[in-house]
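Asker: File target.cif below, mmCIF, C-alpha atoms:
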data_upload
#
loop_
_atom_site.label_atom_id
_atom_site.label_comp_id
_atom_site.auth_asym_id
_atom_site.auth_seq_id
_atom_site.Cartn_x
_atom_site.Cartn_y
_atom_site.Cartn_z
CA MET A 1 171.98 339.15 49.46
CA PRO A 2 171.18 338.56 45.78
CA ALA A 3 167.86 336.99 44.93
CA THR A 4 167.93 333.22 44.65
CA THR A 5 167.82 332.05 41.05
CA GLU A 6 165.40 329.22 40.44
CA ALA A 7 167.16 326.05 39.30
CA ARG A 8 166.86 325.34 35.61
CA ARG A 9 164.28 322.71 34.76
CA ARG A 10 166.08 319.83 33.06
CA ALA A 11 164.71 317.52 30.37
CA VAL A 12 165.39 313.78 30.40
CA ILE A 13 164.28 310.95 28.13
CA THR A 14 162.43 308.22 30.01
CA GLY A 15 160.63 306.32 27.25
CA ILE A 16 161.37 305.11 23.73
CA GLY A 17 158.92 303.82 21.15
CA VAL A 18 160.19 302.42 17.86
CA VAL A 19 158.32 301.45 14.72
CA ALA A 20 161.05 300.90 12.14
CA PRO A 21 162.47 298.35 9.72
CA THR A 22 164.64 297.16 12.62
CA GLY A 23 161.57 296.15 14.60
CA LEU A 24 158.53 297.11 16.61
CA GLY A 25 159.36 298.22 20.14
CA VAL A 26 162.70 298.96 21.76
CA ALA A 27 163.76 295.37 22.54
CA GLU A 28 163.39 294.03 19.00
CA HIS A 29 164.96 297.19 17.56
CA TRP A 30 168.04 296.98 19.79
CA LYS A 31 168.51 293.24 19.24
CA THR A 32 168.41 293.72 15.47
CA THR A 33 170.80 296.64 15.74
CA LEU A 34 173.47 294.83 17.75
CA ALA A 35 173.27 291.92 15.35
CA GLY A 36 174.09 294.36 12.54
CA GLN A 37 171.14 293.14 10.49
CA CYS A 38 170.50 295.30 7.46
CA ARG A 39 166.75 295.69 7.01
CA ILE A 40 166.93 297.28 3.58
CA SER A 41 165.15 294.99 1.13
CA PRO A 42 163.79 294.85 -2.45
CA PHE A 43 160.92 297.26 -2.95
CA THR A 44 157.99 295.52 -4.61
CA ARG A 45 154.92 297.56 -3.61
CA TYR A 46 154.75 299.49 -6.88
CA PRO A 47 156.94 297.53 -9.32
CA ASP A 48 155.70 299.27 -12.48
CA THR A 49 156.02 302.87 -11.33
CA SER A 50 158.75 303.02 -8.70
CA PRO A 51 162.03 304.87 -9.32
CA ILE A 52 163.69 302.81 -6.55
CA ARG A 53 164.64 299.15 -6.27
CA LEU A 54 165.33 299.03 -2.52
CA ALA A 55 163.70 300.48 0.59
CA GLY A 56 163.72 300.26 4.36
CA GLN A 57 160.27 298.82 5.02
CA VAL A 58 158.35 298.17 8.23
CA GLU A 59 157.28 294.54 8.15
CA ASP A 60 154.71 292.67 10.25
CA PHE A 61 152.98 295.86 11.35
CA ASP A 62 149.26 295.41 11.90
CA PRO A 63 147.74 298.76 12.88
CA ALA A 64 144.47 297.11 13.85
CA GLU A 65 146.20 295.55 16.86
CA LEU A 66 146.84 298.97 18.38
CA ILE A 67 144.45 301.41 16.71
CA SER A 68 140.66 301.31 16.55
CA ASN A 69 138.89 301.28 13.19
CA LYS A 70 137.53 304.76 13.97
CA PHE A 71 141.05 306.16 13.80
CA LEU A 72 142.25 303.88 10.99
CA VAL A 73 139.75 305.27 8.50
CA GLN A 74 140.69 308.86 9.37
CA THR A 75 144.45 308.53 9.29
CA ASP A 76 147.45 307.61 7.16
CA ARG A 77 150.13 304.95 7.63
CA TRP A 78 152.66 307.49 8.98
CA THR A 79 150.19 308.44 11.71
CA TRP A 80 149.57 304.77 12.49
CA PHE A 81 153.31 304.45 13.03
CA ALA A 82 153.29 307.53 15.28
CA LEU A 83 150.34 306.34 17.34
CA ALA A 84 151.94 302.94 17.84
CA ALA A 85 155.35 304.43 18.66
CA ALA A 86 153.78 306.83 21.16
CA ASP A 87 152.02 303.90 22.86
CA TYR A 88 155.31 302.00 23.03
CA ALA A 89 157.14 305.06 24.41
CA LEU A 90 154.55 305.80 27.09
CA GLY A 91 154.52 302.16 28.13
CA ASP A 92 158.31 302.08 28.23
CA SER A 93 158.42 305.22 30.38
CA GLY A 94 155.91 303.96 32.92
CA LEU A 95 154.35 307.43 32.94
CA ASP A 96 150.83 307.46 34.42
CA LEU A 97 149.01 310.07 32.36
CA ALA A 98 145.89 309.75 34.50
CA ALA A 99 147.84 311.11 37.46
CA LEU A 100 148.91 314.26 35.57
CA ASP A 101 147.16 317.46 34.61
CA PRO A 102 146.61 317.04 30.82
CA PHE A 103 147.70 320.66 30.32
CA ASP A 104 151.13 319.71 31.68
CA VAL A 105 151.77 317.14 28.94
CA SER A 106 152.30 318.12 25.30
CA VAL A 107 152.99 316.53 21.92
CA VAL A 108 155.53 317.69 19.34
CA THR A 109 156.24 315.76 16.15
CA ALA A 110 158.20 316.36 12.96
CA SER A 111 157.04 315.67 9.43
CA ALA A 112 158.67 316.00 6.03
CA SER A 113 155.84 314.88 3.80
CA GLY A 114 152.58 314.14 5.61
CA GLY A 115 150.06 311.41 4.80
CA ASN A 116 151.27 309.94 1.52
CA GLU A 117 149.34 306.67 1.29
CA PHE A 118 146.01 308.27 2.15
CA GLY A 119 146.74 311.07 -0.31
CA GLN A 120 147.77 308.61 -3.04
CA ARG A 121 144.48 306.77 -2.71
CA GLU A 122 142.42 309.96 -2.83
CA ILE A 123 144.36 311.36 -5.81
CA GLU A 124 143.56 308.17 -7.67
CA ALA A 125 139.88 308.52 -6.70
CA LEU A 126 139.92 312.10 -7.96
CA TRP A 127 141.33 311.40 -11.41
CA SER A 128 139.66 308.03 -12.02
CA ARG A 129 136.19 308.77 -10.66
CA HIS A 130 134.98 312.19 -9.49
CA PRO A 131 135.78 314.88 -6.88
CA SER A 132 132.86 313.59 -4.85
CA ALA A 133 134.71 310.28 -4.45
CA VAL A 134 137.46 311.94 -2.41
CA SER A 135 137.13 311.24 1.30
CA ALA A 136 136.39 314.13 3.61
CA TYR A 137 139.16 312.78 5.84
CA GLN A 138 141.72 313.75 3.18
CA SER A 139 141.71 317.24 4.70
CA ILE A 140 143.09 315.94 8.00
CA ALA A 141 144.87 312.69 7.09
CA TRP A 142 147.58 314.24 4.87
CA PHE A 143 148.15 317.29 7.07
CA TYR A 144 151.64 317.64 8.60
CA ALA A 145 150.21 318.03 12.10
CA ALA A 146 147.96 314.95 11.87
CA SER A 147 150.18 312.75 14.02
CA THR A 148 150.50 315.38 16.74
CA GLY A 149 146.74 315.87 16.74
CA GLN A 150 145.88 312.18 16.80
CA ILE A 151 148.36 311.39 19.61
CA SER A 152 147.01 314.26 21.69
CA ILE A 153 143.41 313.15 21.08
CA ARG A 154 144.17 309.50 21.81
CA HIS A 155 145.77 310.29 25.17
CA GLY A 156 143.90 313.48 26.10
CA LEU A 157 147.04 315.63 26.13
CA LYS A 158 146.33 319.36 26.14
CA GLY A 159 149.69 321.03 26.68
CA SER A 160 151.59 323.08 24.11
CA CYS A 161 151.41 320.91 20.98
CA GLY A 162 152.88 321.45 17.54
CA VAL A 163 154.64 320.10 14.46
CA LEU A 164 158.02 321.10 13.03
CA VAL A 165 158.86 320.87 9.33
CA ALA A 166 162.54 321.02 8.31
CA ASP A 167 162.92 317.73 6.44
CA SER A 168 165.20 315.39 8.41
CA ALA A 169 166.53 318.21 10.60
CA GLY A 170 163.06 318.65 12.05
CA GLY A 171 163.40 315.26 13.70
CA LEU A 172 166.01 316.72 16.06
CA ASP A 173 164.36 320.12 16.36
CA VAL A 174 161.39 318.45 18.08
CA LEU A 175 163.64 317.37 20.96
CA ALA A 176 164.78 320.97 21.36
CA GLN A 177 161.15 322.08 21.41
CA ALA A 178 160.36 319.40 23.98
CA ARG A 179 163.17 320.72 26.15
CA ARG A 180 161.81 324.26 25.84
CA ASN A 181 158.37 323.05 26.86
CA ILE A 182 159.88 321.44 29.95
CA GLU A 183 161.86 324.59 30.79
CA ARG A 184 158.66 326.65 30.52
CA GLY A 185 156.82 324.53 33.06
CA GLY A 186 155.69 321.39 31.28
CA VAL A 187 155.97 318.06 33.07
CA ALA A 188 156.27 315.75 30.06
CA VAL A 189 156.37 315.85 26.27
CA VAL A 190 155.69 313.13 23.72
CA ALA A 191 158.15 313.97 20.93
CA GLY A 192 159.47 312.37 17.77
CA GLY A 193 158.64 311.65 14.17
CA THR A 194 157.65 308.95 11.70
CA GLU A 195 157.33 308.80 7.93
CA ALA A 196 155.65 306.62 5.30
CA PRO A 197 156.92 308.12 2.02
CA LEU A 198 156.98 305.01 -0.19
CA THR A 199 154.08 305.74 -2.55
CA PRO A 200 154.29 306.58 -6.27
CA TYR A 201 153.54 310.29 -5.96
CA ALA A 202 155.86 310.72 -2.94
CA LEU A 203 158.68 308.82 -4.65
CA VAL A 204 158.35 310.89 -7.84
CA CYS A 205 158.69 314.06 -5.75
CA GLN A 206 161.80 312.71 -4.02
CA ASN A 207 163.27 311.41 -7.28
CA ASP A 208 163.63 314.96 -8.58
CA LEU A 209 166.49 315.46 -6.12
CA GLY A 210 168.58 312.88 -7.98
CA ARG A 211 169.87 311.26 -4.78
CA PHE A 212 168.22 307.84 -4.84
CA SER A 213 170.45 304.80 -4.97
CA ARG A 214 169.83 302.75 -8.10
CA ALA A 215 171.36 299.61 -6.62
CA SER A 216 169.38 296.38 -6.55
CA GLU A 217 171.34 294.54 -3.84
CA PRO A 218 170.75 295.59 -0.19
CA ALA A 219 174.47 295.49 0.63
CA ALA A 220 175.17 298.02 -2.13
CA GLY A 221 172.16 300.26 -1.68
CA TYR A 222 173.11 302.73 1.04
CA ARG A 223 176.78 303.04 1.97
CA PRO A 224 177.42 306.41 3.63
CA PHE A 225 181.06 307.50 3.89
CA ASP A 226 182.15 304.63 1.64
CA ALA A 227 183.93 305.05 -1.70
CA ALA A 228 180.99 303.17 -3.23
CA ALA A 229 178.43 305.68 -1.91
CA ALA A 230 176.05 306.41 -4.78
CA GLY A 231 172.86 307.69 -3.22
CA TYR A 232 170.54 306.78 -0.39
CA VAL A 233 167.75 304.26 0.09
CA PRO A 234 164.48 305.76 1.39
CA GLY A 235 162.69 304.16 4.30
CA GLU A 236 159.64 304.37 6.50
CA GLY A 237 159.02 304.42 10.24
CA GLY A 238 160.72 306.32 13.03
CA ALA A 239 160.59 306.78 16.78
CA VAL A 240 158.72 308.65 19.50
CA LEU A 241 160.22 309.51 22.88
CA VAL A 242 158.89 310.58 26.25
CA VAL A 243 160.73 313.62 27.59
CA GLU A 244 160.17 314.51 31.25
CA GLU A 245 161.21 317.15 33.71
CA LEU A 246 164.05 315.64 35.74
CA ALA A 247 162.64 316.31 39.21
CA ALA A 248 159.27 314.83 38.23
CA ALA A 249 160.93 311.75 36.76
CA ARG A 250 163.08 311.39 39.85
CA ALA A 251 160.03 311.75 42.12
CA ARG A 252 158.38 308.74 40.54
CA SER A 253 161.67 306.76 40.48
CA ALA A 254 161.64 306.63 36.70
CA SER A 255 164.51 305.10 34.80
CA VAL A 256 166.34 307.65 32.65
CA TYR A 257 167.98 306.96 29.32
CA ALA A 258 169.65 310.33 28.81
CA GLU A 259 169.41 314.05 29.42
CA VAL A 260 168.83 316.48 26.55
CA LEU A 261 171.76 318.82 27.20
CA GLY A 262 171.88 321.15 24.24
CA HIS A 263 170.72 321.82 20.70
CA ALA A 264 171.44 324.19 17.84
CA ALA A 265 170.04 324.67 14.35
CA THR A 266 171.54 326.57 11.42
CA HIS A 267 170.85 327.04 7.71
CA ASP A 268 173.29 326.93 4.79
CA ALA A 269 171.47 329.51 2.61
CA TYR A 270 173.45 327.93 -0.23
CA HIS A 271 171.17 326.04 -2.64
CA PRO A 272 167.48 325.07 -2.81
CA HIS A 273 168.42 321.39 -2.62
CA ASP A 274 172.12 320.75 -2.06
CA PRO A 275 174.05 321.18 1.21
CA ALA A 276 176.92 323.66 1.27
CA PRO A 277 180.13 321.82 0.30
CA ASP A 278 182.24 323.53 2.97
CA GLY A 279 180.07 322.19 5.81
CA ARG A 280 180.59 325.43 7.69
CA GLN A 281 177.03 325.92 8.91
CA LEU A 282 176.76 322.25 9.82
CA ALA A 283 179.93 322.63 11.89
CA ARG A 284 178.45 325.72 13.50
CA ALA A 285 175.33 323.79 14.53
CA MET A 286 177.50 321.09 16.12
CA SER A 287 179.74 323.57 17.92
CA GLU A 288 176.80 325.62 19.19
CA ALA A 289 175.00 322.52 20.47
CA ILE A 290 178.13 321.37 22.32
CA GLY A 291 178.74 324.84 23.76
CA ARG A 292 175.15 325.26 24.90
CA SER A 293 175.49 321.94 26.70
CA GLY A 294 178.31 323.36 28.81
CA LEU A 295 180.74 320.94 27.16
CA THR A 296 183.73 321.08 24.86
CA PRO A 297 184.40 318.87 21.83
CA GLU A 298 186.77 316.82 24.00
CA ASP A 299 183.75 315.76 26.08
CA VAL A 300 181.89 314.16 23.13
CA ASP A 301 182.32 310.39 23.03
CA VAL A 302 180.33 309.41 19.94
CA VAL A 303 178.74 311.10 16.94
CA PHE A 304 175.62 309.73 15.29
CA ALA A 305 176.19 311.14 11.82
CA ASP A 306 173.66 312.43 9.32
CA ALA A 307 175.23 310.13 6.69
CA ALA A 308 173.72 311.36 3.41
CA GLY A 309 175.07 308.46 1.36
CA VAL A 310 175.98 310.91 -1.41
CA ALA A 311 179.70 311.42 -1.88
CA ASP A 312 179.84 315.23 -1.87
CA ALA A 313 177.38 315.56 1.02
CA ASP A 314 179.30 312.95 3.04
CA ALA A 315 182.51 314.84 2.35
CA ALA A 316 180.90 318.07 3.60
CA GLU A 317 179.90 316.33 6.84
CA VAL A 318 183.45 315.03 7.26
CA ARG A 319 184.76 318.59 6.82
CA ALA A 320 182.33 319.80 9.46
CA LEU A 321 183.44 317.09 11.90
CA ARG A 322 187.09 317.99 11.32
CA THR A 323 186.28 321.65 11.94
CA VAL A 324 184.56 320.85 15.23
CA PHE A 325 186.92 318.21 16.60
CA GLY A 326 190.22 319.36 15.12
CA ASP A 327 193.10 317.04 15.91
CA ARG A 328 190.70 314.71 17.73
CA ALA A 329 188.56 314.13 14.62
CA GLY A 330 190.29 310.82 13.94
CA GLU A 331 189.66 309.60 17.47
CA VAL A 332 186.03 310.36 18.31
CA LEU A 333 183.71 307.48 17.45
CA VAL A 334 181.42 308.09 14.46
CA THR A 335 178.53 305.81 13.55
CA ALA A 336 175.52 305.70 11.24
CA PRO A 337 173.26 302.78 12.22
CA LYS A 338 170.67 304.21 9.83
CA SER A 339 172.67 302.32 7.19
CA MET A 340 170.53 299.34 8.31
CA VAL A 341 167.21 301.03 7.51
CA GLY A 342 167.79 303.80 4.98
CA ARG A 343 166.97 307.46 5.39
CA LEU A 344 163.61 307.91 7.12
CA TYR A 345 163.37 311.69 6.66
CA SER A 346 161.81 313.20 9.81
CA GLY A 347 161.60 309.73 11.32
CA GLY A 348 165.34 309.17 11.03
CA PRO A 349 166.77 311.57 13.63
CA PRO A 350 164.36 310.49 16.40
CA LEU A 351 165.45 306.93 15.62
CA ASP A 352 169.07 308.11 15.89
CA VAL A 353 168.21 309.62 19.28
CA ALA A 354 166.72 306.26 20.30
CA TRP A 355 169.94 304.56 19.20
CA ALA A 356 172.02 307.10 21.10
CA CYS A 357 169.93 306.65 24.26
CA LEU A 358 170.32 302.89 24.10
CA ALA A 359 174.04 303.23 23.47
CA LEU A 360 174.45 305.46 26.53
CA THR A 361 172.30 303.09 28.61
CA HIS A 362 174.07 299.89 27.65
CA GLY A 363 177.57 301.25 27.02
CA VAL A 364 177.58 299.90 23.46
CA VAL A 365 177.93 301.94 20.25
CA PRO A 366 175.87 300.43 17.40
CA PRO A 367 177.55 299.84 14.05
CA THR A 368 177.47 301.26 10.56
CA VAL A 369 176.97 298.38 8.12
CA HIS A 370 178.43 297.87 4.64
CA LEU A 371 181.15 300.45 5.22
CA ASP A 372 184.80 300.03 4.35
CA PRO A 373 186.21 302.80 6.60
CA ALA A 374 189.42 303.24 4.61
CA SER A 375 187.85 303.22 1.16
CA ALA A 376 187.06 306.92 0.85
CA GLY A 377 190.06 308.12 2.84
CA HIS A 378 188.03 310.21 5.29
CA GLY A 379 190.27 309.24 8.19
CA LEU A 380 187.51 309.17 10.82
CA ASN A 381 187.00 306.55 13.52
CA PHE A 382 183.94 304.83 12.05
CA VAL A 383 182.23 302.11 14.08
CA VAL A 384 181.58 299.03 11.93
CA GLU A 385 181.03 296.49 14.72
CA PRO A 386 179.33 297.03 18.11
CA VAL A 387 181.96 298.45 20.43
CA ARG A 388 182.16 299.09 24.18
CA PRO A 389 184.39 302.12 24.63
CA ALA A 390 186.04 302.79 27.95
CA ARG A 391 184.13 306.07 28.17
CA LEU A 392 180.61 306.58 26.84
CA ARG A 393 178.94 309.50 28.57
CA THR A 394 177.87 311.89 25.84
CA ALA A 395 176.55 311.62 22.29
CA LEU A 396 176.21 314.17 19.50
CA VAL A 397 173.38 313.49 17.03
CA VAL A 398 173.52 315.28 13.67
CA ALA A 399 170.82 315.82 11.04
CA ARG A 400 170.48 317.73 7.79
CA GLY A 401 167.43 318.53 5.70
CA VAL A 402 166.93 319.30 2.04
CA GLY A 403 167.30 323.00 1.42
CA GLY A 404 170.15 323.64 3.87
CA PHE A 405 168.68 322.80 7.28
CA ASN A 406 171.19 321.66 9.92
CA SER A 407 170.44 320.42 13.43
CA ALA A 408 172.60 319.00 16.23
CA LEU A 409 171.62 317.58 19.62
CA VAL A 410 173.76 316.62 22.61
CA LEU A 411 172.69 313.86 24.99
CA ALA A 412 174.30 312.83 28.27
CA ALA A 413 174.09 309.51 30.05
CA PRO A 414 172.45 309.36 33.49
CA GLY A 415 175.02 310.54 36.02
CA ALA A 416 177.16 312.34 33.44
CA ALA A 417 175.38 315.68 33.86
CA GLY A 418 174.88 315.75 37.61
CA GLU A 419 171.77 313.67 38.29
CA PRO A 420 171.87 310.30 40.05
CA SER A 421 172.31 307.43 37.66
CA SER A 422 169.24 305.25 37.31
CA VAL A 423 170.10 301.84 35.87
CA PRO A 424 167.06 300.44 34.02
CA THR A 425 165.89 296.87 34.04
CA GLU A 426 167.20 294.73 31.21
CA GLU A 427 163.73 293.58 30.09
CA ARG A 428 162.46 297.12 29.70
CA ARG A 429 165.60 298.59 28.14
CA GLY A 430 166.23 296.12 25.38
CA GLY A 431 167.53 293.03 27.17
CA VAL A 432 171.25 293.71 26.74
CA SER A 433 173.40 293.70 29.81
CA ARG A 434 175.90 296.39 30.60
#
Would you kindly transcribe this structure into structure tokens?

Answerer:
Amino acid sequence: MPATTEARRRAVITGIGVVAPTGLGVAEHWKTTLAGQCRISPFTRYPDTSPIRLAGQVEDFDPAELISNKFLVQTDRWTWFALAAADYALGDSGLDLAALDPFDVSVVTASASGGNEFGQREIEALWSRHPSAVSAYQSIAWFYAASTGQISIRHGLKGSCGVLVADSAGGLDVLAQARRNIERGGVAVVAGGTEAPLTPYALVCQNDLGRFSRASEPAAGYRPFDAAAAGYVPGEGGAVLVVEELAAARARSASVYAEVLGHAATHDAYHPHDPAPDGRQLARAMSEAIGRSGLTPEDVDVVFADAAGVADADAAEVRALRTVFGDRAGEVLVTAPKSMVGRLYSGGPPLDVAWACLALTHGVVPPTVHLDPASAGHGLNFVVEPVRPARLRTALVVARGVGGFNSALVLAAPGAAGEPSSVPTEERRGGVSR
């Protein structure tokens, strides 16, 4: 008889932590989302130097409530977000880290720009005072891997840790890396991304791309797929998720949001900044992710779009969706709830994954705000109000990064991919009934 093949280790999401303009924690975030509340607001932090007039800003966040002063003085705002989001995610998952071997739990985060606020302060100290005035912590606070390192230190996690850098696309790539860690023997992974890129130096760097919205009214600032699309609004924050091996999660009777079924990443190799207008490599990433999930395009119920907010880039994404879904392109649900918060760079796709998990859990697709679906003539089935479709089992999350990075991730609801469905409590999962 042939040798028995060991069953594939499967990765499921059991915890979500959100620090975003839509709120702190999963319950506030989901309530804000279903209310369709746009949290893009006037940007007043640097009124004399800023190239933007609007931003998605995290309000009412007091890092001192969650992080000791020892860590505050060593770290940047984006890492404060990550530490808080990781705490929320671990609490949401109910995972008892003390009961696990620390080498079985890892941390993987994504970063597009590192510690901007800390770096801004130290740059100012350098030019206005003297090199000796620059903090020694600058060497670790700005570093792309700072959030991964600080989360692992805070919780004593010693598994395979790392950071992925591919602009926004990296925020999905971390979930693929988390799945690989699980397949290679890990028990759990803390994975996600946050950003805090709203400082003068960071904004000047982003401004060179020429994609910022110049609007002054929140309703006009970021309108992906709309005829009025004229750039994007930057934002801060993101999400962290707990990814566990299915059998381990099942053994502790954990509630499961979704299974990470498949992922693919491609590169346009077209232009240093702009995405390829034909959307071919983006379509390839979507198709590969669906195929690796063991699904077909007909099995996908909703797409969480990248939604660049720039007309030509939006058109390229529409072409990619039409390539993947063919005649069904006008039927599959497409949404971009990030229209409520702006583009959060590496923090955006993990937040999209959080939205997708909550949608699959509650059977509700969150809306795109400030979109007139017919205005640009794209002909897709955009969601502009929360909707409960008859079937909501799988979600495709799409992300692109500056320079041609493309990433796509497929998630399946509990029960849709073969494991017993585990219906979470309403209090823990956002307080919205099925």

Asker: Taking the file above as input, evaluate the PyMOL selection byres ((chain A and resi 318-328) around 10) and report the hits as JSON, numbers by chain.

Answerer: {"A": [225, 277, 278, 279, 280, 281, 282, 283, 284, 285, 286, 287, 288, 290, 296, 297, 298, 300, 303, 305, 307, 312, 313, 314, 315, 316, 317, 329, 330, 331, 332, 334, 378, 379, 380, 381]}

Asker: Could you turn the residues from that selection into a file that holds C-alpha atoms, as a PDB file, in the frame of the given file?

Answerer:
ATOM      1  CA  PHE A 225     181.060 307.500   3.890  1.00  0.00           C
ATOM      2  CA  PRO A 277     180.130 321.820   0.300  1.00  0.00           C
ATOM      3  CA  ASP A 278     182.240 323.530   2.970  1.00  0.00           C
ATOM      4  CA  GLY A 279     180.070 322.190   5.810  1.00  0.00           C
ATOM      5  CA  ARG A 280     180.590 325.430   7.690  1.00  0.00           C
ATOM      6  CA  GLN A 281     177.030 325.920   8.910  1.00  0.00           C
ATOM      7  CA  LEU A 282     176.760 322.250   9.820  1.00  0.00           C
ATOM      8  CA  ALA A 283     179.930 322.630  11.890  1.00  0.00           C
ATOM      9  CA  ARG A 284     178.450 325.720  13.500  1.00  0.00           C
ATOM     10  CA  ALA A 285     175.330 323.790  14.530  1.00  0.00           C
ATOM     11  CA  MET A 286     177.500 321.090  16.120  1.00  0.00           C
ATOM     12  CA  SER A 287     179.740 323.570  17.920  1.00  0.00           C
ATOM     13  CA  GLU A 288     176.800 325.620  19.190  1.00  0.00           C
ATOM     14  CA  ILE A 290     178.130 321.370  22.320  1.00  0.00           C
ATOM     15  CA  THR A 296     183.730 321.080  24.860  1.00  0.00           C
ATOM     16  CA  PRO A 297     184.400 318.870  21.830  1.00  0.00           C
ATOM     17  CA  GLU A 298     186.770 316.820  24.000  1.00  0.00           C
ATOM     18  CA  VAL A 300     181.890 314.160  23.130  1.00  0.00           C
ATOM     19  CA  VAL A 303     178.740 311.100  16.940  1.00  0.00           C
ATOM     20  CA  ALA A 305     176.190 311.140  11.820  1.00  0.00           C
ATOM     21  CA  ALA A 307     175.230 310.130   6.690  1.00  0.00           C
ATOM     22  CA  ASP A 312     179.840 315.230  -1.870  1.00  0.00           C
ATOM     23  CA  ALA A 313     177.380 315.560   1.020  1.00  0.00           C
ATOM     24  CA  ASP A 314     179.300 312.950   3.040  1.00  0.00           C
ATOM     25  CA  ALA A 315     182.510 314.840   2.350  1.00  0.00           C
ATOM     26  CA  ALA A 316     180.900 318.070   3.600  1.00  0.00           C
ATOM     27  CA  GLU A 317     179.900 316.330   6.840  1.00  0.00           C
ATOM     28  CA  ALA A 329     188.560 314.130  14.620  1.00  0.00           C
ATOM     29  CA  GLY A 330     190.290 310.820  13.940  1.00  0.00           C
ATOM     30  CA  GLU A 331     189.660 309.600  17.470  1.00  0.00           C
ATOM     31  CA  VAL A 332     186.030 310.360  18.310  1.00  0.00           C
ATOM     32  CA  VAL A 334     181.420 308.090  14.460  1.00  0.00           C
ATOM     33  CA  HIS A 378     188.030 310.210   5.290  1.00  0.00           C
ATOM     34  CA  GLY A 379     190.270 309.240   8.190  1.00  0.00           C
ATOM     35  CA  LEU A 380     187.510 309.170  10.820  1.00  0.00           C
ATOM     36  CA  ASN A 381     187.000 306.550  13.520  1.00  0.00           C
TER      37      ASN A 381
END

Asker: Could you check which of A:Asn116, A:Ser346, A:Ser375, A:Gln150 is closest to Ala239 in chain A, using only C-alpha atoms?

Answerer: A:Ser346

Asker: Quick one: pull the distance between CA of Ala202 in chain A and CA of Ala20 in chain A, Å, one decimal.

Answerer: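 It comes out at 18.7 Å.
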
Asker: Which is closest to Gly404 in chain A among A:Val384, A:Val341, A:Ala215, A:Ala265, if we use only C-alpha atoms?

Answerer: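 With only C-alpha atoms as the atom set, the closest residue is A:Ala265.
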
Asker: If you measure from CA of Ala249 in chain A to CA of Ser93 in chain A, what distance in Å do you get, rounded to one decimal?

Answerer: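 CA of Ser93 in chain A lies at a distance of 9.5 Å from CA of Ala249 in chain A.
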
Asker: Could you produce a table of the residues of range 146-253 of chain A lying within 8 Å of range 120-130 of chain A, with the nearest pair of atoms per residue and their separation in Å rounded to one decimal, using only C-alpha atoms, ordered by chain and increasing residue number, as JSON lines?

Answerer:
{"residue": "A:Thr199", "atom": "CA", "partner": "A:Gln120", "partner_atom": "CA", "distance": 6.9}
{"residue": "A:Pro200", "atom": "CA", "partner": "A:Gln120", "partner_atom": "CA", "distance": 7.6}
{"residue": "A:Tyr201", "atom": "CA", "partner": "A:Gln120", "partner_atom": "CA", "distance": 6.7}

Asker: What does the distance between CA of Ile153 in chain A and CA of Ile182 in chain A come to in Å, to one decimal place?

Answerer: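 Straight-line distance from CA of Ile153 in chain A to CA of Ile182 in chain A works out to 20.5 Å.
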
Asker: Identify which of the residues A:Leu409, A:Val187, A:Ala196, A:Ala89 lies closest to Glu236 in chain A, counting only C-alpha atoms when measuring atom-to-atom distances.

Answerer: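 Result for the nearest residue to Glu236 in chain A: A:Ala196.
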
Asker: Enumerate, as number ranges by chain, the residues matched when the PyMOL selection byres ((chain A and resi 18) around 7) is run on the file above.

Answerer: A: 16-17, 19-20, 24-26, 85, 238-240

Asker: Using all atoms listed in the file, pick whichever of A:Asp268, A:His370, A:Val242, A:Trp355 has the shortest atom-to-atom distance to Ala254 in chain A.

Answerer: A:Val242

Asker: Please write as a PyMOL selection string the full residue list that the PyMOL selection byres ((chain A and resi 411) around 10) yields on this file.

Answerer: chain A and resi 12-13+257-263+290+293+300+353+356-357+360+393-397+409-410+412-414+416-417

Asker: Report as number ranges by chain all protein, DNA and RNA residues lying within 10 Å of Ala228 in chain A, evaluated on all atoms listed in the file, omitting residues in the same chain fewer than 3 positions from it.

Answerer: A: 220-225, 231, 309-311, 370-372, 375-376

Asker: Have a look at A:Ala230, A:Ala408, A:Val256, A:Ala7 and name the one nearest to Arg214 in chain A; count all atoms listed in the file.

Answerer: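 That would be A:Ala230, the residue with the smallest distance to Arg214 in chain A.
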
Asker: Taking only C-alpha atoms into account, which of A:Phe81, A:Tyr345, A:Phe118, A:Phe61 comes nearest Ser147 in chain A?

Answerer: A:Phe81

Asker: Counting only C-alpha atoms, what is within 12 Å of Pro272 in chain A, bar same-chain residues fewer than 4 positions away, as a count of residues only?

Answerer: 9

Asker: Report, as JSON, the axis-aligned box around all atoms of range 343-346 of chain A present in the file, extended by 6 Å on each side; give centre and edge lengths in Å to one decimal place.

Answerer:
{"center_x": 164.4, "center_y": 310.3, "center_z": 7.6, "size_x": 17.2, "size_y": 17.7, "size_z": 16.4}

Asker: Do a neighbour search on Pro51 in chain A at 12 Å with all atoms listed in the file, toss out local chain neighbours closer than 2 positions, and write the hits as a PyMOL selection string.

Answerer: chain A and resi 43-49+53-55+198-216+233-234
